[in-house]
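Student: Please find protein-v9.cif (mmCIF, C-alpha atoms) on the next line:
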data_input
#
loop_
_atom_site.group_PDB
_atom_site.id
_atom_site.type_symbol
_atom_site.label_atom_id
_atom_site.label_comp_id
_atom_site.auth_asym_id
_atom_site.auth_seq_id
_atom_site.Cartn_x
_atom_site.Cartn_y
_atom_site.Cartn_z
ATOM 1 C CA HIS I 1 -22.373 -18.051 99.341
ATOM 2 C CA GLN I 2 -24.913 -18.859 102.018
ATOM 3 C CA GLY I 3 -28.366 -18.849 100.405
ATOM 4 C CA ASP I 4 -27.128 -19.452 96.834
ATOM 5 C CA PRO I 5 -28.498 -22.420 94.867
ATOM 6 C CA GLY I 6 -26.491 -25.599 95.442
ATOM 7 C CA GLU I 7 -25.509 -26.622 91.952
ATOM 8 C CA SER I 8 -22.005 -28.035 92.453
ATOM 9 C CA LEU I 9 -19.694 -29.871 94.799
ATOM 10 C CA HIS I 10 -16.067 -28.817 95.188
ATOM 11 C CA VAL I 11 -12.993 -30.845 96.099
ATOM 12 C CA VAL I 12 -10.095 -28.747 97.371
ATOM 13 C CA CYS I 13 -6.951 -29.477 95.333
ATOM 14 C CA GLN I 14 -4.747 -26.813 96.933
ATOM 15 C CA GLY I 15 -5.069 -23.923 99.326
ATOM 16 C CA LYS I 16 -7.091 -23.228 102.446
ATOM 17 C CA LEU I 17 -10.631 -21.936 102.853
ATOM 18 C CA LYS I 18 -12.909 -21.045 105.728
ATOM 19 C CA VAL I 19 -16.557 -22.072 105.996
ATOM 20 C CA VAL I 20 -18.786 -19.521 107.750
ATOM 21 C CA ILE I 21 -22.419 -18.887 108.483
ATOM 22 C CA THR I 22 -23.599 -15.341 108.946
ATOM 23 C CA GLY I 23 -26.289 -14.324 111.413
ATOM 24 C CA GLU I 24 -28.891 -11.660 110.781
ATOM 25 C CA SER I 25 -26.749 -9.180 112.728
ATOM 26 C CA GLY I 26 -23.843 -9.785 110.320
ATOM 27 C CA GLU I 27 -21.698 -11.714 112.796
ATOM 28 C CA GLU I 28 -19.861 -14.731 111.407
ATOM 29 C CA ALA I 29 -19.488 -18.156 112.947
ATOM 30 C CA VAL I 30 -16.531 -20.019 111.441
ATOM 31 C CA LEU I 31 -17.562 -23.663 111.060
ATOM 32 C CA SER I 32 -14.306 -25.048 109.740
ATOM 33 C CA ILE I 33 -11.070 -24.518 107.876
ATOM 34 C CA LEU I 34 -10.654 -26.682 104.780
ATOM 35 C CA GLY I 35 -7.472 -27.798 103.067
ATOM 36 C CA PRO I 36 -6.462 -30.141 100.230
ATOM 37 C CA GLY I 37 -8.689 -33.220 99.976
ATOM 38 C CA ALA I 38 -11.648 -31.578 101.730
ATOM 39 C CA VAL I 39 -15.057 -31.404 100.078
ATOM 40 C CA PHE I 40 -17.678 -28.680 100.318
ATOM 41 C CA GLY I 41 -21.083 -28.115 98.769
ATOM 42 C CA GLU I 42 -22.287 -31.686 99.264
ATOM 43 C CA MET I 43 -25.375 -30.925 101.372
ATOM 44 C CA ALA I 44 -27.060 -28.534 98.965
ATOM 45 C CA LEU I 45 -26.008 -30.805 96.109
ATOM 46 C CA LEU I 46 -27.971 -33.705 97.563
ATOM 47 C CA ASP I 47 -31.296 -31.955 98.042
ATOM 48 C CA GLY I 48 -30.984 -29.105 95.535
ATOM 49 C CA GLY I 49 -31.498 -26.623 98.359
ATOM 50 C CA GLN I 50 -29.660 -23.437 99.116
ATOM 51 C CA ARG I 51 -26.081 -23.289 100.318
ATOM 52 C CA SER I 52 -26.047 -23.487 104.115
ATOM 53 C CA ALA I 53 -22.760 -21.581 104.482
ATOM 54 C CA THR I 54 -20.301 -19.313 102.685
ATOM 55 C CA VAL I 55 -16.847 -20.584 101.727
ATOM 56 C CA THR I 56 -14.052 -18.005 101.449
ATOM 57 C CA ALA I 57 -10.462 -18.515 100.295
ATOM 58 C CA LEU I 58 -7.778 -17.741 102.881
ATOM 59 C CA GLU I 59 -5.054 -18.032 100.241
ATOM 60 C CA PRO I 60 -4.916 -18.959 96.538
ATOM 61 C CA VAL I 61 -7.145 -22.018 96.078
ATOM 62 C CA GLU I 62 -7.772 -24.565 93.350
ATOM 63 C CA THR I 63 -10.815 -26.855 93.393
ATOM 64 C CA ALA I 64 -12.247 -29.564 91.176
ATOM 65 C CA VAL I 65 -15.953 -29.015 90.521
ATOM 66 C CA LEU I 66 -18.672 -31.624 90.065
ATOM 67 C CA SER I 67 -22.116 -30.430 88.917
ATOM 68 C CA ARG I 68 -25.303 -31.676 90.583
ATOM 69 C CA GLN I 69 -26.375 -33.500 87.407
ATOM 70 C CA ASN I 70 -23.013 -35.280 87.042
ATOM 71 C CA PHE I 71 -22.969 -36.002 90.768
ATOM 72 C CA LEU I 72 -26.391 -37.684 90.691
ATOM 73 C CA GLN I 73 -25.354 -39.700 87.607
ATOM 74 C CA LEU I 74 -22.197 -40.795 89.428
ATOM 75 C CA LEU I 75 -24.239 -42.009 92.406
ATOM 76 C CA GLN I 76 -26.613 -43.951 90.131
ATOM 77 C CA GLN I 77 -23.874 -45.527 88.019
ATOM 78 C CA HIS I 78 -21.465 -46.266 90.873
ATOM 79 C CA PRO I 79 -23.355 -47.290 94.013
ATOM 80 C CA ALA I 80 -20.048 -47.654 95.893
ATOM 81 C CA ALA I 81 -19.758 -43.855 95.723
ATOM 82 C CA VAL I 82 -22.798 -43.662 97.984
ATOM 83 C CA THR I 83 -20.809 -45.322 100.776
ATOM 84 C CA GLY I 84 -18.143 -42.611 100.573
ATOM 85 C CA LEU I 85 -20.768 -39.899 100.521
ATOM 86 C CA LEU I 86 -22.535 -41.347 103.561
ATOM 87 C CA ALA I 87 -19.217 -41.553 105.414
ATOM 88 C CA ALA I 88 -18.512 -37.886 104.613
ATOM 89 C CA LEU I 89 -21.974 -36.849 105.813
ATOM 90 C CA ALA I 90 -21.594 -38.926 108.985
ATOM 91 C CA GLN I 91 -18.287 -37.152 109.638
ATOM 92 C CA THR I 92 -20.040 -33.782 109.291
ATOM 93 C CA ILE I 93 -22.747 -34.855 111.738
ATOM 94 C CA ARG I 94 -20.145 -36.136 114.219
ATOM 95 C CA GLN I 95 -18.284 -32.810 114.030
ATOM 96 C CA THR I 96 -21.544 -30.949 114.654
ATOM 97 C CA ASP I 97 -22.322 -33.172 117.651
ATOM 98 C CA GLN I 98 -18.826 -32.535 119.027
ATOM 99 C CA TYR I 99 -19.211 -28.789 118.542
ATOM 100 C CA VAL I 100 -22.531 -28.775 120.418
ATOM 101 C CA GLY I 101 -20.953 -30.832 123.208
ATOM 102 C CA ASP I 102 -18.060 -28.377 123.416
ATOM 103 C CA LEU I 103 -20.490 -25.444 123.688
ATOM 104 C CA MET I 104 -22.394 -27.229 126.449
ATOM 105 C CA PHE I 105 -19.536 -28.648 128.515
ATOM 106 C CA LEU I 106 -16.390 -26.566 127.953
ATOM 107 C CA ASP I 107 -15.759 -23.019 129.101
ATOM 108 C CA LEU I 108 -14.111 -20.527 126.726
ATOM 109 C CA HIS I 109 -10.619 -21.527 127.841
ATOM 110 C CA GLY I 110 -11.389 -25.167 127.044
ATOM 111 C CA ARG I 111 -13.048 -24.419 123.711
ATOM 112 C CA LEU I 112 -10.134 -22.273 122.547
ATOM 113 C CA ALA I 113 -7.576 -24.851 123.711
ATOM 114 C CA LYS I 114 -9.456 -27.592 121.879
ATOM 115 C CA LYS I 115 -9.741 -25.504 118.702
ATOM 116 C CA LEU I 116 -6.019 -24.677 118.743
ATOM 117 C CA LEU I 117 -5.188 -28.372 119.139
ATOM 118 C CA GLU I 118 -7.581 -29.264 116.313
ATOM 119 C CA LEU I 119 -6.033 -26.631 114.041
ATOM 120 C CA SER I 120 -2.552 -27.872 114.928
ATOM 121 C CA SER I 121 -3.613 -31.397 114.028
ATOM 122 C CA THR I 122 -5.177 -30.522 110.675
ATOM 123 C CA HIS I 123 -3.075 -27.521 109.627
ATOM 124 C CA GLY I 124 0.009 -27.708 111.830
ATOM 125 C CA GLU I 125 3.645 -28.288 111.034
ATOM 126 C CA ASN I 126 6.150 -29.524 113.602
ATOM 127 C CA HIS I 127 9.189 -27.241 113.658
ATOM 128 C CA ASP I 128 11.943 -27.293 116.292
ATOM 129 C CA GLY I 129 9.714 -28.809 118.991
ATOM 130 C CA ARG I 130 6.764 -26.511 118.406
ATOM 131 C CA ILE I 131 3.690 -26.862 116.235
ATOM 132 C CA ILE I 132 3.137 -23.961 113.860
ATOM 133 C CA ILE I 133 -0.497 -23.550 112.802
ATOM 134 C CA ARG I 134 -0.162 -22.748 109.094
ATOM 135 C CA VAL I 135 -3.487 -20.925 108.829
ATOM 136 C CA PRO I 136 -3.208 -17.223 109.618
ATOM 137 C CA LEU I 137 -6.395 -16.485 111.552
ATOM 138 C CA THR I 138 -7.593 -13.266 113.099
ATOM 139 C CA GLN I 139 -8.791 -13.233 116.676
ATOM 140 C CA GLU I 140 -12.250 -12.470 115.276
ATOM 141 C CA GLU I 141 -12.121 -15.688 113.208
ATOM 142 C CA LEU I 142 -10.964 -17.721 116.220
ATOM 143 C CA ALA I 143 -13.796 -16.191 118.236
ATOM 144 C CA GLY I 144 -16.255 -17.197 115.508
ATOM 145 C CA MET I 145 -15.014 -20.783 115.756
ATOM 146 C CA ILE I 146 -15.718 -21.136 119.469
ATOM 147 C CA GLY I 147 -18.732 -18.884 120.048
ATOM 148 C CA ALA I 148 -16.843 -16.081 121.800
ATOM 149 C CA THR I 149 -15.931 -12.433 121.362
ATOM 150 C CA ARG I 150 -12.641 -11.192 119.943
ATOM 151 C CA ALA I 151 -11.816 -9.548 123.278
ATOM 152 C CA SER I 152 -12.308 -12.850 125.146
ATOM 153 C CA VAL I 153 -10.100 -14.707 122.676
ATOM 154 C CA ASN I 154 -7.397 -12.044 123.002
ATOM 155 C CA LYS I 155 -7.477 -12.365 126.790
ATOM 156 C CA ILE I 156 -7.300 -16.180 126.733
ATOM 157 C CA LEU I 157 -4.500 -16.207 124.131
ATOM 158 C CA GLY I 158 -2.598 -13.862 126.470
ATOM 159 C CA PHE I 159 -3.253 -16.271 129.359
ATOM 160 C CA TYR I 160 -1.882 -19.199 127.321
ATOM 161 C CA GLU I 161 1.079 -17.133 126.155
ATOM 162 C CA GLU I 162 1.977 -16.077 129.734
ATOM 163 C CA ARG I 163 2.087 -19.774 130.688
ATOM 164 C CA GLY I 164 4.318 -20.664 127.756
ATOM 165 C CA ALA I 165 1.707 -22.860 126.051
ATOM 166 C CA ILE I 166 1.670 -20.771 122.865
ATOM 167 C CA GLU I 167 3.585 -18.030 121.110
ATOM 168 C CA ARG I 168 2.034 -15.521 118.737
ATOM 169 C CA GLN I 169 3.796 -14.154 115.705
ATOM 170 C CA GLY I 170 1.376 -11.834 113.968
ATOM 171 C CA ARG I 171 -1.656 -13.915 112.966
ATOM 172 C CA GLN I 172 0.289 -17.147 113.328
ATOM 173 C CA ILE I 173 0.132 -19.255 116.495
ATOM 174 C CA HIS I 174 2.868 -21.630 117.615
ATOM 175 C CA ILE I 175 1.931 -24.286 120.166
ATOM 176 C CA THR I 176 4.818 -24.906 122.528
ATOM 177 C CA LYS I 177 3.102 -26.938 125.286
ATOM 178 C CA PRO I 178 0.290 -29.020 123.752
ATOM 179 C CA GLU I 179 -0.081 -30.950 127.030
ATOM 180 C CA PHE I 180 -1.155 -27.716 128.779
ATOM 181 C CA LEU I 181 -3.836 -27.114 126.153
ATOM 182 C CA GLU I 182 -4.939 -30.765 126.321
ATOM 183 C CA GLN I 183 -5.601 -30.387 130.060
ATOM 184 C CA ARG I 184 -7.755 -27.306 129.420
ATOM 185 C CA ALA I 185 -9.680 -29.009 126.586
ATOM 186 C CA ARG I 186 -11.162 -31.852 128.657
ATOM 187 C CA PHE I 187 -14.835 -31.981 129.694
#
Will you turn the file into structure tokens for me?
Tutor:
Amino acid sequence: HQGDPGESLHVVCQGKLKVVITGESGEEAVLSILGPGAVFGEMALLDGGQRSATVTALEPVETAVLSRQNFLQLLQQHPAAVTGLLAALAQTIRQTDQYVGDLMFLDLHGRLAKKLLELSSTHGENHDGRIIIRVPLTQEELAGMIGATRASVNKILGFYEERGAIERQGRQIHITKPEFLEQRARF
């Protein structure tokens, strides 16, 4: 949970989770969706500070846990592990830079298109010429990912659906024309 002491790092073995930060008003911003192979808890683990975000399971999840003490011993005994850690942190910084750029240079249509394409890339499955995003997200969660309101996301999803770019089946989104979304997602 955001604000908790950072005493462990987790590696996702199976399942999907969402990473959120909560504002003082209680609104959530969804930072990312994690799946198998992803790591979380590394920032607080490095400096012993508080957790910067809350991680919530979207389905049954299994993680491997590494304590801060064991983690620091690992880094001291195996300097090559530092390279992997630095690469992971650089990736996080690059994603943050990209997110800020998206907020600055893309309108809501572009940000949602880009997020749908990203989700299809990381959590999508190709099926009969369409990409099924295998993470059931609410419109509120999608809104939290792009800095929008649920109503705006609903309206834009309807716009994309009317143009045949997506289909909605409950909380699942199928991308049928990725090229249409790619055009909307450009700066």
Student: Evaluated on this file, the PyMOL selection byres ((chain I and resi 137) around 9) picks out some residues - which ones are they, written as a ChimeraX atom specification?
Tutor: /I:58,135-136,138-142,171-173
Student: For I:Leu85, which of I:Gly41, I:Gly23, I:Gly6, I:Gly158 is the closest residue, counting only C-alpha atoms?
Tutor: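 Counting only C-alpha atoms, the residue closest to I:Leu85 is I:Gly41.
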Student: Run through the PyMOL selection byres ((chain I and resi 134) around 6) on the given coordinates and return the selected residues as a ChimeraX atom specification.
Tutor: /I:123-124,132-133,135
Student: Please give the centre and size of the box around stretch 70-74 of chain I (axis-aligned, containing every atom listed in the file, 4 Å added per side), with values in Å to one decimal and written as AutoDock Vina command-line options.
Tutor:
--center_x -24.3 --center_y -38.0 --center_z 88.9 --size_x 12.2 --size_y 13.5 --size_z 11.7
Student: Can you work out the spacing between atom CA of I:Pro178 and atom CA of I:Ser32 in Å, to one decimal?
Tutor: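 So the answer is 20.6 Å.
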Student: Around (-22.9, -16.7, 99.1) in the file's frame, which residues reach within 12 Å when counting only C-alpha atoms? Return as a PDB file with C-alpha atoms, keeping the file's coordinate frame?
Tutor:
ATOM      1  CA  HIS I   1     -22.373 -18.051  99.341  1.00  0.00           C
ATOM      2  CA  GLN I   2     -24.913 -18.859 102.018  1.00  0.00           C
ATOM      3  CA  GLY I   3     -28.366 -18.849 100.405  1.00  0.00           C
ATOM      4  CA  ASP I   4     -27.128 -19.452  96.834  1.00  0.00           C
ATOM      5  CA  PRO I   5     -28.498 -22.420  94.867  1.00  0.00           C
ATOM      6  CA  GLY I   6     -26.491 -25.599  95.442  1.00  0.00           C
ATOM      7  CA  VAL I  19     -16.557 -22.072 105.996  1.00  0.00           C
ATOM      8  CA  VAL I  20     -18.786 -19.521 107.750  1.00  0.00           C
ATOM      9  CA  ILE I  21     -22.419 -18.887 108.483  1.00  0.00           C
ATOM     10  CA  THR I  22     -23.599 -15.341 108.946  1.00  0.00           C
ATOM     11  CA  GLY I  41     -21.083 -28.115  98.769  1.00  0.00           C
ATOM     12  CA  GLN I  50     -29.660 -23.437  99.116  1.00  0.00           C
ATOM     13  CA  ARG I  51     -26.081 -23.289 100.318  1.00  0.00           C
ATOM     14  CA  SER I  52     -26.047 -23.487 104.115  1.00  0.00           C
ATOM     15  CA  ALA I  53     -22.760 -21.581 104.482  1.00  0.00           C
ATOM     16  CA  THR I  54     -20.301 -19.313 102.685  1.00  0.00           C
ATOM     17  CA  VAL I  55     -16.847 -20.584 101.727  1.00  0.00           C
ATOM     18  CA  THR I  56     -14.052 -18.005 101.449  1.00  0.00           C
TER      19      THR I  56
END
Student: Between I:Ala81, I:Leu116, I:Ala29, I:Ala90, which one has atoms that come closest to I:Thr149, using all atoms listed in the file?
Tutor: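 Smallest distance to I:Thr149 is found for I:Ala29.
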Student: Just want the 9 Å neighbourhood of I:Ile131, counted on all atoms listed in the file, with same-chain residues fewer than 4 positions away dropped. Output as a list in words.
Tutor: Ser120, Ser121, Gly124, Glu125, Asn126, His127, Ile173, His174, Ile175, Thr176 and Pro178 of chain I
Student: In terms of the shortest atom-to-atom distance over only C-alpha atoms, which of I:Ser152, I:Thr122, I:Gln95, I:Gln76 is closest to I:Leu34?
Tutor: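 Counting only C-alpha atoms, the residue closest to I:Leu34 is I:Thr122.
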Student: For I:Glu42, list every protein, DNA or RNA residue within 8 Å, evaluated using only C-alpha atoms, and leave out those in the same chain fewer than 2 positions away; present the list as a list of chain:residue names.
Tutor: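 Near neighbours after the sequence-gap exclusion: I:Ser8, I:Leu9, I:His10, I:Val39, I:Phe40, I:Ala44, I:Leu45, I:Leu46.
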Student: Just how far from atom CA of I:Val61 is atom CA of I:Val12, in Å to one decimal?
Tutor: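 So the two atoms, atom CA of I:Val12 and atom CA of I:Val61, lie 7.5 Å apart.
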Student: Quick one, how far is atom CA of I:Ala80 from atom CA of I:Arg68?
Tutor: 17.6 Å
Student: Taking 2 positions as the minimum chain separation for residues in the same chain, which residues sit within 8 Å of I:Lys177 when counting all atoms listed in the file? Answer as a tab-separated table (two decimals) with C-alpha atoms, keeping the file's coordinate frame.
Tutor:
chain	number	residue	atom	x	y	z
I	130	ARG	CA	6.76	-26.51	118.41
I	164	GLY	CA	4.32	-20.66	127.76
I	165	ALA	CA	1.71	-22.86	126.05
I	166	ILE	CA	1.67	-20.77	122.86
I	175	ILE	CA	1.93	-24.29	120.17
I	179	GLU	CA	-0.08	-30.95	127.03
I	180	PHE	CA	-1.16	-27.72	128.78
I	181	LEU	CA	-3.84	-27.11	126.15
Student: I'd like the contact shell of I:Asp102 - 12 Å cut-off, all atoms listed in the file, skipping same-chain residues fewer than 4 positions apart - returned as a PDB file with C-alpha atoms, in the coordinates of the input.
Tutor:
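The new file selection15.pdb reads:
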ATOM      1  CA  GLN I  95     -18.284 -32.810 114.030  1.00  0.00           C
ATOM      2  CA  THR I  96     -21.544 -30.949 114.654  1.00  0.00           C
ATOM      3  CA  ASP I  97     -22.322 -33.172 117.651  1.00  0.00           C
ATOM      4  CA  GLN I  98     -18.826 -32.535 119.027  1.00  0.00           C
ATOM      5  CA  LEU I 106     -16.390 -26.566 127.953  1.00  0.00           C
ATOM      6  CA  ASP I 107     -15.759 -23.019 129.101  1.00  0.00           C
ATOM      7  CA  LEU I 108     -14.111 -20.527 126.726  1.00  0.00           C
ATOM      8  CA  HIS I 109     -10.619 -21.527 127.841  1.00  0.00           C
ATOM      9  CA  GLY I 110     -11.389 -25.167 127.044  1.00  0.00           C
ATOM     10  CA  ARG I 111     -13.048 -24.419 123.711  1.00  0.00           C
ATOM     11  CA  LEU I 112     -10.134 -22.273 122.547  1.00  0.00           C
ATOM     12  CA  ALA I 113      -7.576 -24.851 123.711  1.00  0.00           C
ATOM     13  CA  LYS I 114      -9.456 -27.592 121.879  1.00  0.00           C
ATOM     14  CA  LYS I 115      -9.741 -25.504 118.702  1.00  0.00           C
ATOM     15  CA  MET I 145     -15.014 -20.783 115.756  1.00  0.00           C
ATOM     16  CA  ILE I 146     -15.718 -21.136 119.469  1.00  0.00           C
ATOM     17  CA  GLY I 147     -18.732 -18.884 120.048  1.00  0.00           C
ATOM     18  CA  ARG I 184      -7.755 -27.306 129.420  1.00  0.00           C
ATOM     19  CA  ALA I 185      -9.680 -29.009 126.586  1.00  0.00           C
ATOM     20  CA  ARG I 186     -11.162 -31.852 128.657  1.00  0.00           C
ATOM     21  CA  PHE I 187     -14.835 -31.981 129.694  1.00  0.00           C
TER      22      PHE I 187
END
